[in-house]
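J.: I have a structure here, written as structure tokens, and I will follow up with some questions on it.
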Amino acid sequence: MSARRAWRPRRPRTVRRGGDRPLARSATAAVGAAAIAASALAVHAAFNARRLRVPPSLAPSATARAGEPPEGGTVLRVGRPERPEVSVLVPARNEAERVAPTITAILASRGVDLELCVLDDGSTDGTADVVREAGGGDMRLRVLDGRPLPEGWLGKPHACAQLAAAARGDVLVFVDADVVVAPDGLARTVAALTEGPFDLTCPYPRQEAEGPGPRLVQPLLQWTWLTFLPLELAARRPRPSLVAANGQVLACRRTDYDRAGGHTAVADAVLEDLELGRAFVRAGMSAGVVDGSDVATCRMYDSWPALREGYAKSLWAAAGSPTRSAAVLALLLWLFLTPPIAAVTGIARRRPGLAALGVLGYSAGVASRIIAAGRTGARRRDALWHPVSILALGWITAHSLRRRAQGTLTWRGRTLPGRGRG
């Protein structure tokens, strides 16, 4: 009798699905493309950071001794200082809790001949009284009562238009009620306007952010334009699509403001500062941002609920229309959320190639944030949470789009129209 073969369990056959490999290759290609694009954007952010213009210092000896501004940048050097009459214009609606430091700092400014006009836009919290008390009887201060909001206008453009109509100065400097200027901040702003390349000059203040929500989202403001916009090209060849502007501090000559149509040209714009910059470019002039981290500081929001509602009013129009804003959001999620997910997936499934691409993409996103933070005075360590920041921004954008579609957007007690520009 022949010996029986020892019984061995059969190995299960591996079923290979033809579609798995192409799908995996497509996913890897998408992650690789995102990593390469994020790396290119980090390089672009570094170039912009190096070339970002800096308002001139009022101390020529200090500038000569340093040779260049901190962290690099292009110095806007002053020849013979000009002293035009400057109208500092502050729109205020229910700002009693934080407007006093703004007023005090403006009136303490040096190196500039100014008048300060504050428009109380229908406040119900005693804003005008706080402004007068902070002014301490200074004759340079005028407090104006805002007129009722006409149909077709949004609140801030209407307030700014009234301020401009009342201004007496040759140079208009609009300052938000939550901005605190440095002692030489206004003089440097005027110098940047008169000596720099932009007819509408926006020194971008250092953004103060406290608490998890503001620290996650606020730094994305300056990171966005520093990473994505070709600032040098925008300065040399102004185009409406390349404009970067910020209404927290915004300066222009009175004649140029009128030539661009002023705030009347952007009466219904949710992002009136950006649209005003585009109006300047359409009128044959230029508009852009300069480094304002030493010019002024701004704390927009102190909590997540305040930040969420503040951004919700305008994020749906950030790219010009709801459709384009949704497309930009999808792009950001692909560029900066896909790589870290791929890195974790690649490590878990032992796919080193995928993991390496994911780590590269994540590192590039963090690098661009570190570059922006170092150039604009934000916290560098918060850059490590960049994917979470993008996710938070995505949630707020979706919230903004939903509320815009429902017609439930409000700000400062006013209902915002469910439409925008662009």
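Residue numbering restarts at 1 for every chain of the structure tokens, chains are lettered A, B, ... in their displayed order, and ligands are numbered from 1 as they appear.
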Region 85-102 of chain A: which residues within 9 Å, counting only C-alpha atoms, same-chain residues fewer than 4 positions away excluded, as a VMD selection string?
T.: chain A and resid 106 to 107 112 to 131 133 to 135 156 159 to 160 163 to 164 167 to 181 186 190 412
J.: Would you put the residues from that selection into a file with N, CA and C atoms, as a compact mmCIF listing (two decimals), in the first residue's frame?
T.:
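Okay, part37.txt is ready:
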# COMPACT_ATOMS: atom_id res chain seq x y z
N ILE A 106 -4.58 106.63 16.90
CA ILE A 106 -4.59 107.53 15.74
C ILE A 106 -4.22 108.95 16.16
N LEU A 107 -4.82 109.43 17.24
CA LEU A 107 -4.56 110.80 17.69
C LEU A 107 -3.15 110.96 18.26
N VAL A 112 2.61 113.20 10.88
CA VAL A 112 1.53 113.34 9.92
C VAL A 112 0.56 114.41 10.40
N ASP A 113 0.09 115.26 9.47
CA ASP A 113 -0.94 116.25 9.78
C ASP A 113 -2.29 115.64 9.45
N LEU A 114 -3.11 115.44 10.45
CA LEU A 114 -4.32 114.67 10.21
C LEU A 114 -5.55 115.29 10.84
N GLU A 115 -6.67 114.91 10.26
CA GLU A 115 -7.97 115.04 10.91
C GLU A 115 -8.52 113.62 11.04
N LEU A 116 -9.30 113.39 12.08
CA LEU A 116 -9.88 112.07 12.31
C LEU A 116 -11.39 112.18 12.26
N CYS A 117 -12.00 111.47 11.32
CA CYS A 117 -13.45 111.44 11.19
C CYS A 117 -13.94 110.03 11.52
N VAL A 118 -14.85 109.94 12.46
CA VAL A 118 -15.44 108.66 12.83
C VAL A 118 -16.93 108.73 12.54
N LEU A 119 -17.43 107.77 11.79
CA LEU A 119 -18.86 107.75 11.48
C LEU A 119 -19.55 106.69 12.33
N ASP A 120 -20.47 107.14 13.16
CA ASP A 120 -21.28 106.23 13.97
C ASP A 120 -22.44 105.74 13.11
N ASP A 121 -22.34 104.52 12.65
CA ASP A 121 -23.29 103.96 11.69
C ASP A 121 -24.46 103.28 12.41
N GLY A 122 -25.28 104.09 13.06
CA GLY A 122 -26.49 103.55 13.70
C GLY A 122 -26.22 102.64 14.87
N SER A 123 -25.16 102.91 15.63
CA SER A 123 -24.82 102.05 16.76
C SER A 123 -25.88 102.13 17.86
N THR A 124 -26.02 101.03 18.60
CA THR A 124 -26.96 100.98 19.71
C THR A 124 -26.26 100.73 21.04
N ASP A 125 -24.92 100.78 21.04
CA ASP A 125 -24.15 100.45 22.24
C ASP A 125 -23.35 101.63 22.78
N GLY A 126 -23.64 102.84 22.29
CA GLY A 126 -22.92 104.01 22.78
C GLY A 126 -21.55 104.20 22.17
N THR A 127 -21.35 103.72 20.95
CA THR A 127 -20.05 103.85 20.30
C THR A 127 -19.60 105.30 20.20
N ALA A 128 -20.50 106.19 19.81
CA ALA A 128 -20.12 107.60 19.64
C ALA A 128 -19.62 108.21 20.95
N ASP A 129 -20.25 107.88 22.07
CA ASP A 129 -19.81 108.40 23.37
C ASP A 129 -18.42 107.90 23.71
N VAL A 130 -18.16 106.62 23.42
CA VAL A 130 -16.82 106.05 23.69
C VAL A 130 -15.77 106.76 22.84
N VAL A 131 -16.11 107.04 21.59
CA VAL A 131 -15.17 107.72 20.69
C VAL A 131 -14.84 109.11 21.23
N GLU A 133 -15.07 110.22 24.27
CA GLU A 133 -14.30 110.12 25.52
C GLU A 133 -12.85 109.79 25.22
N ALA A 134 -12.62 108.86 24.28
CA ALA A 134 -11.25 108.49 23.92
C ALA A 134 -10.53 109.66 23.26
N GLY A 135 -11.28 110.51 22.55
CA GLY A 135 -10.68 111.66 21.89
C GLY A 135 -10.22 112.73 22.86
N LYS A 156 -20.95 98.89 5.21
CA LYS A 156 -19.62 99.47 5.26
C LYS A 156 -19.33 100.36 4.05
N ALA A 159 -21.00 103.65 4.76
CA ALA A 159 -20.32 104.42 5.80
C ALA A 159 -19.05 105.06 5.27
N CYS A 160 -18.28 104.30 4.49
CA CYS A 160 -17.02 104.84 3.94
C CYS A 160 -17.30 105.95 2.94
N LEU A 163 -17.97 109.07 4.89
CA LEU A 163 -16.73 109.60 5.45
C LEU A 163 -15.90 110.32 4.39
N ALA A 164 -15.80 109.73 3.22
CA ALA A 164 -15.02 110.35 2.14
C ALA A 164 -15.64 111.69 1.74
N ALA A 167 -14.59 114.28 4.27
CA ALA A 167 -13.15 114.46 4.49
C ALA A 167 -12.64 115.73 3.84
N ARG A 168 -11.64 116.34 4.47
CA ARG A 168 -11.04 117.57 3.96
C ARG A 168 -9.63 117.37 3.42
N GLY A 169 -9.04 116.20 3.66
CA GLY A 169 -7.64 115.98 3.34
C GLY A 169 -7.38 115.63 1.89
N ASP A 170 -6.10 115.76 1.51
CA ASP A 170 -5.65 115.37 0.18
C ASP A 170 -5.47 113.86 0.08
N VAL A 171 -5.18 113.23 1.22
CA VAL A 171 -4.99 111.79 1.28
C VAL A 171 -6.05 111.20 2.22
N LEU A 172 -6.68 110.13 1.77
CA LEU A 172 -7.68 109.43 2.58
C LEU A 172 -7.07 108.13 3.09
N VAL A 173 -7.17 107.91 4.39
CA VAL A 173 -6.72 106.66 5.00
C VAL A 173 -7.89 106.06 5.76
N PHE A 174 -8.43 104.97 5.25
CA PHE A 174 -9.53 104.28 5.92
C PHE A 174 -8.93 103.28 6.91
N VAL A 175 -9.44 103.32 8.14
CA VAL A 175 -8.94 102.44 9.20
C VAL A 175 -10.14 101.79 9.87
N ASP A 176 -10.11 100.48 10.01
CA ASP A 176 -11.20 99.78 10.70
C ASP A 176 -11.16 100.07 12.20
N ALA A 177 -12.31 99.90 12.84
CA ALA A 177 -12.45 100.25 14.25
C ALA A 177 -11.78 99.26 15.18
N ASP A 178 -11.24 98.16 14.66
CA ASP A 178 -10.52 97.20 15.50
C ASP A 178 -9.02 97.20 15.21
N VAL A 179 -8.53 98.25 14.57
CA VAL A 179 -7.12 98.36 14.21
C VAL A 179 -6.44 99.38 15.12
N VAL A 180 -5.24 99.05 15.57
CA VAL A 180 -4.44 99.95 16.39
C VAL A 180 -3.16 100.26 15.62
N VAL A 181 -2.98 101.51 15.23
CA VAL A 181 -1.80 101.88 14.45
C VAL A 181 -0.62 102.17 15.37
N LEU A 186 0.77 105.73 10.55
CA LEU A 186 0.08 106.52 9.54
C LEU A 186 1.07 107.26 8.65
N VAL A 190 1.36 106.83 4.57
CA VAL A 190 1.33 107.91 3.59
C VAL A 190 2.60 107.90 2.75
N ARG A 412 -23.78 92.60 11.96
CA ARG A 412 -24.03 93.80 12.75
C ARG A 412 -25.51 94.16 12.78
J.: Check region 131-344 of chain A with DSSP on the backbone and list each residue it calls helix (DSSP H, G or I), as a PyMOL selection string.
T.: chain A and resi 131-135+155-166+185-195+212-217+220-228+231-236+240-242+254-259+262-266+272-282+304-312+315-317+322-336+338-344
J.: Store the residues of this selection in a file with C-alpha atoms, as a CSV table (one decimal), in the first residue's frame.
T.:
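File produced: out_36.csv:
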chain,number,residue,atom,x,y,z
A,131,VAL,CA,-15.2,107.7,20.7
A,132,ARG,CA,-15.6,111.2,22.1
A,133,GLU,CA,-14.3,110.1,25.5
A,134,ALA,CA,-11.3,108.5,23.9
A,135,GLY,CA,-10.7,111.7,21.9
A,155,GLY,CA,-23.4,99.0,5.4
A,156,LYS,CA,-19.6,99.5,5.3
A,157,PRO,CA,-19.4,100.9,1.7
A,158,HIS,CA,-22.1,103.4,2.6
A,159,ALA,CA,-20.3,104.4,5.8
A,160,CYS,CA,-17.0,104.8,3.9
A,161,ALA,CA,-18.7,106.9,1.2
A,162,GLN,CA,-20.1,109.3,3.8
A,163,LEU,CA,-16.7,109.6,5.4
A,164,ALA,CA,-15.0,110.3,2.1
A,165,ALA,CA,-17.6,113.0,1.4
A,166,ALA,CA,-16.9,114.7,4.7
A,185,GLY,CA,2.1,103.9,11.3
A,186,LEU,CA,0.1,106.5,9.5
A,187,ALA,CA,3.1,108.5,8.4
A,188,ARG,CA,4.7,105.3,7.0
A,189,THR,CA,1.4,104.5,5.3
A,190,VAL,CA,1.3,107.9,3.6
A,191,ALA,CA,5.0,107.5,2.6
A,192,ALA,CA,4.3,104.1,1.1
A,193,LEU,CA,1.5,105.7,-0.9
A,194,THR,CA,3.5,108.7,-2.2
A,195,GLU,CA,6.7,106.7,-2.9
A,212,PRO,CA,-8.0,77.7,18.9
A,213,GLY,CA,-10.5,79.0,16.2
A,214,PRO,CA,-8.8,82.3,15.4
A,215,ARG,CA,-5.3,80.7,15.5
A,216,LEU,CA,-6.4,78.1,13.0
A,217,VAL,CA,-8.1,80.4,10.5
A,220,LEU,CA,-4.9,82.0,6.3
A,221,LEU,CA,-5.7,85.6,5.3
A,222,GLN,CA,-2.2,86.7,4.7
A,223,TRP,CA,-1.0,83.2,3.7
A,224,THR,CA,-3.5,83.1,0.8
A,225,TRP,CA,-2.3,86.2,-1.0
A,226,LEU,CA,1.3,85.6,-0.2
A,227,THR,CA,1.2,82.1,-1.5
A,228,PHE,CA,-1.2,82.3,-4.5
A,231,LEU,CA,2.5,90.1,-6.3
A,232,GLU,CA,5.4,91.4,-8.4
A,233,LEU,CA,3.4,90.9,-11.6
A,234,ALA,CA,0.4,92.6,-10.1
A,235,ALA,CA,2.6,95.6,-9.3
A,236,ARG,CA,4.1,95.8,-12.7
A,240,PRO,CA,-8.4,93.2,-11.7
A,241,SER,CA,-8.0,89.4,-11.3
A,242,LEU,CA,-4.6,89.9,-9.5
A,254,ARG,CA,-8.5,112.0,-2.9
A,255,THR,CA,-8.3,112.6,-6.7
A,256,ASP,CA,-7.6,108.9,-7.4
A,257,TYR,CA,-10.5,107.8,-5.1
A,258,ASP,CA,-12.9,110.0,-7.1
A,259,ARG,CA,-11.5,108.9,-10.4
A,262,GLY,CA,-15.1,105.7,-4.7
A,263,HIS,CA,-17.3,103.4,-2.6
A,264,THR,CA,-20.2,104.3,-4.8
A,265,ALA,CA,-18.6,102.0,-7.4
A,266,VAL,CA,-18.7,99.1,-4.8
A,272,GLU,CA,-15.7,96.2,-0.6
A,273,ASP,CA,-11.9,96.5,-0.2
A,274,LEU,CA,-11.1,94.0,-2.9
A,275,GLU,CA,-13.7,95.4,-5.2
A,276,LEU,CA,-12.4,99.0,-4.6
A,277,GLY,CA,-9.0,97.8,-5.6
A,278,ARG,CA,-10.4,96.3,-8.8
A,279,ALA,CA,-12.2,99.6,-9.5
A,280,PHE,CA,-8.9,101.4,-9.2
A,281,VAL,CA,-7.3,99.0,-11.8
A,282,ARG,CA,-10.2,99.3,-14.1
A,304,TRP,CA,-14.8,80.7,17.2
A,305,PRO,CA,-18.5,81.8,17.1
A,306,ALA,CA,-17.5,85.4,16.3
A,307,LEU,CA,-15.0,84.2,13.7
A,308,ARG,CA,-17.5,81.8,12.1
A,309,GLU,CA,-20.2,84.5,11.7
A,310,GLY,CA,-17.7,87.1,10.6
A,311,TYR,CA,-16.3,84.9,7.8
A,312,ALA,CA,-19.6,83.5,6.8
A,315,LEU,CA,-16.5,83.7,2.2
A,316,TRP,CA,-19.2,82.7,-0.4
A,317,ALA,CA,-18.0,85.7,-2.5
A,322,PRO,CA,-20.4,81.1,-5.1
A,323,THR,CA,-19.4,78.8,-7.9
A,324,ARG,CA,-15.8,80.0,-8.0
A,325,SER,CA,-15.6,80.1,-4.2
A,326,ALA,CA,-16.7,76.4,-4.1
A,327,ALA,CA,-14.1,75.6,-6.8
A,328,VAL,CA,-11.3,77.3,-4.9
A,329,LEU,CA,-12.3,75.4,-1.7
A,330,ALA,CA,-12.1,72.1,-3.7
A,331,LEU,CA,-8.6,73.1,-4.9
A,332,LEU,CA,-7.4,73.9,-1.4
A,333,LEU,CA,-8.7,70.6,0.0
A,334,TRP,CA,-7.0,68.7,-2.8
A,335,LEU,CA,-3.7,70.5,-2.3
A,336,PHE,CA,-3.4,70.5,1.4
A,338,THR,CA,-5.1,65.0,0.4
A,339,PRO,CA,-1.3,64.7,1.1
A,340,PRO,CA,-1.6,64.2,4.9
A,341,ILE,CA,-4.4,61.7,4.4
A,342,ALA,CA,-2.2,59.8,1.9
A,343,ALA,CA,0.8,59.9,4.3
A,344,VAL,CA,-1.2,58.2,7.0
J.: Please compute the CA of Pro22 (chain A)-CA of Arg351 (chain A) distance, one decimal, in Å.
T.: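 Taking CA of Pro22 (chain A) as the start and CA of Arg351 (chain A) as the end point, the length is 15.2 Å.
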J.: Within region 80-138 of chain A, find each residue whose DSSP state, derived from the backbone, is strand (DSSP E or B), and express the selection as a PyMOL selection string.
T.: chain A and resi 85-92+113-120
J.: Show me, as a PDB file with N, CA, C and O atoms, in the first residue's frame, the residues that have an atom within 9 Å of Gly377 (chain A) when counting only C-alpha atoms, minus same-chain residues fewer than 5 positions from it.
T.:
ATOM      1  N   ARG A 206      -0.511  93.353  11.229  1.00  0.00           N
ATOM      2  CA  ARG A 206      -0.240  92.080  11.896  1.00  0.00           C
ATOM      3  C   ARG A 206      -1.529  91.614  12.560  1.00  0.00           C
ATOM      4  O   ARG A 206      -2.126  92.345  13.358  1.00  0.00           O
ATOM      5  N   GLN A 207      -1.948  90.405  12.235  1.00  0.00           N
ATOM      6  CA  GLN A 207      -3.204  89.885  12.742  1.00  0.00           C
ATOM      7  C   GLN A 207      -2.984  89.194  14.088  1.00  0.00           C
ATOM      8  O   GLN A 207      -2.207  88.236  14.189  1.00  0.00           O
ATOM      9  N   GLU A 208      -3.651  89.682  15.113  1.00  0.00           N
ATOM     10  CA  GLU A 208      -3.560  89.068  16.430  1.00  0.00           C
ATOM     11  C   GLU A 208      -4.663  88.029  16.569  1.00  0.00           C
ATOM     12  O   GLU A 208      -5.839  88.332  16.344  1.00  0.00           O
ATOM     13  N   SER A 293       3.022  94.801   9.032  1.00  0.00           N
ATOM     14  CA  SER A 293       3.127  94.133  10.331  1.00  0.00           C
ATOM     15  C   SER A 293       3.706  95.047  11.407  1.00  0.00           C
ATOM     16  O   SER A 293       3.472  94.818  12.601  1.00  0.00           O
ATOM     17  N   ASP A 294       4.478  96.072  10.999  1.00  0.00           N
ATOM     18  CA  ASP A 294       4.979  97.059  11.964  1.00  0.00           C
ATOM     19  C   ASP A 294       4.213  98.373  11.899  1.00  0.00           C
ATOM     20  O   ASP A 294       4.548  99.320  12.602  1.00  0.00           O
ATOM     21  N   ALA A 372       4.931  82.468   5.391  1.00  0.00           N
ATOM     22  CA  ALA A 372       3.962  83.556   5.549  1.00  0.00           C
ATOM     23  C   ALA A 372       3.946  84.081   6.982  1.00  0.00           C
ATOM     24  O   ALA A 372       3.870  85.292   7.213  1.00  0.00           O
TER      25      ALA A 372
END
J.: Any chance you could tabulate, as a tab-separated table, the residues of region 342-376 of chain A at most 9 Å from region 33-53 of chain A with each one's nearest atom pair and distance in Å to one decimal, using only C-alpha atoms, in chain and rising number order?
T.:
residue	atom	partner	partner_atom	distance
A:Leu357	CA	A:Ala35	CA	6.3
A:Gly358	CA	A:Ala35	CA	6.9
A:Val359	CA	A:Ala35	CA	8.4
A:Leu360	CA	A:Ala35	CA	5.9
A:Gly361	CA	A:Ala35	CA	3.7
A:Tyr362	CA	A:Ala35	CA	7.5
A:Ser363	CA	A:Ser39	CA	8.3
A:Ala364	CA	A:Ser39	CA	4.9
A:Gly365	CA	A:Ala38	CA	5.9
A:Val366	CA	A:Ala42	CA	8.6
A:Ala367	CA	A:Ala42	CA	6.2
A:Ser368	CA	A:Ala42	CA	4.4
A:Arg369	CA	A:Ala42	CA	8.2
A:Ile371	CA	A:Ala46	CA	6.3
A:Ala372	CA	A:Ala49	CA	7.1
A:Gly374	CA	A:Ala49	CA	8.9
A:Arg375	CA	A:Ala49	CA	6.2
A:Thr376	CA	A:Ala49	CA	8.9
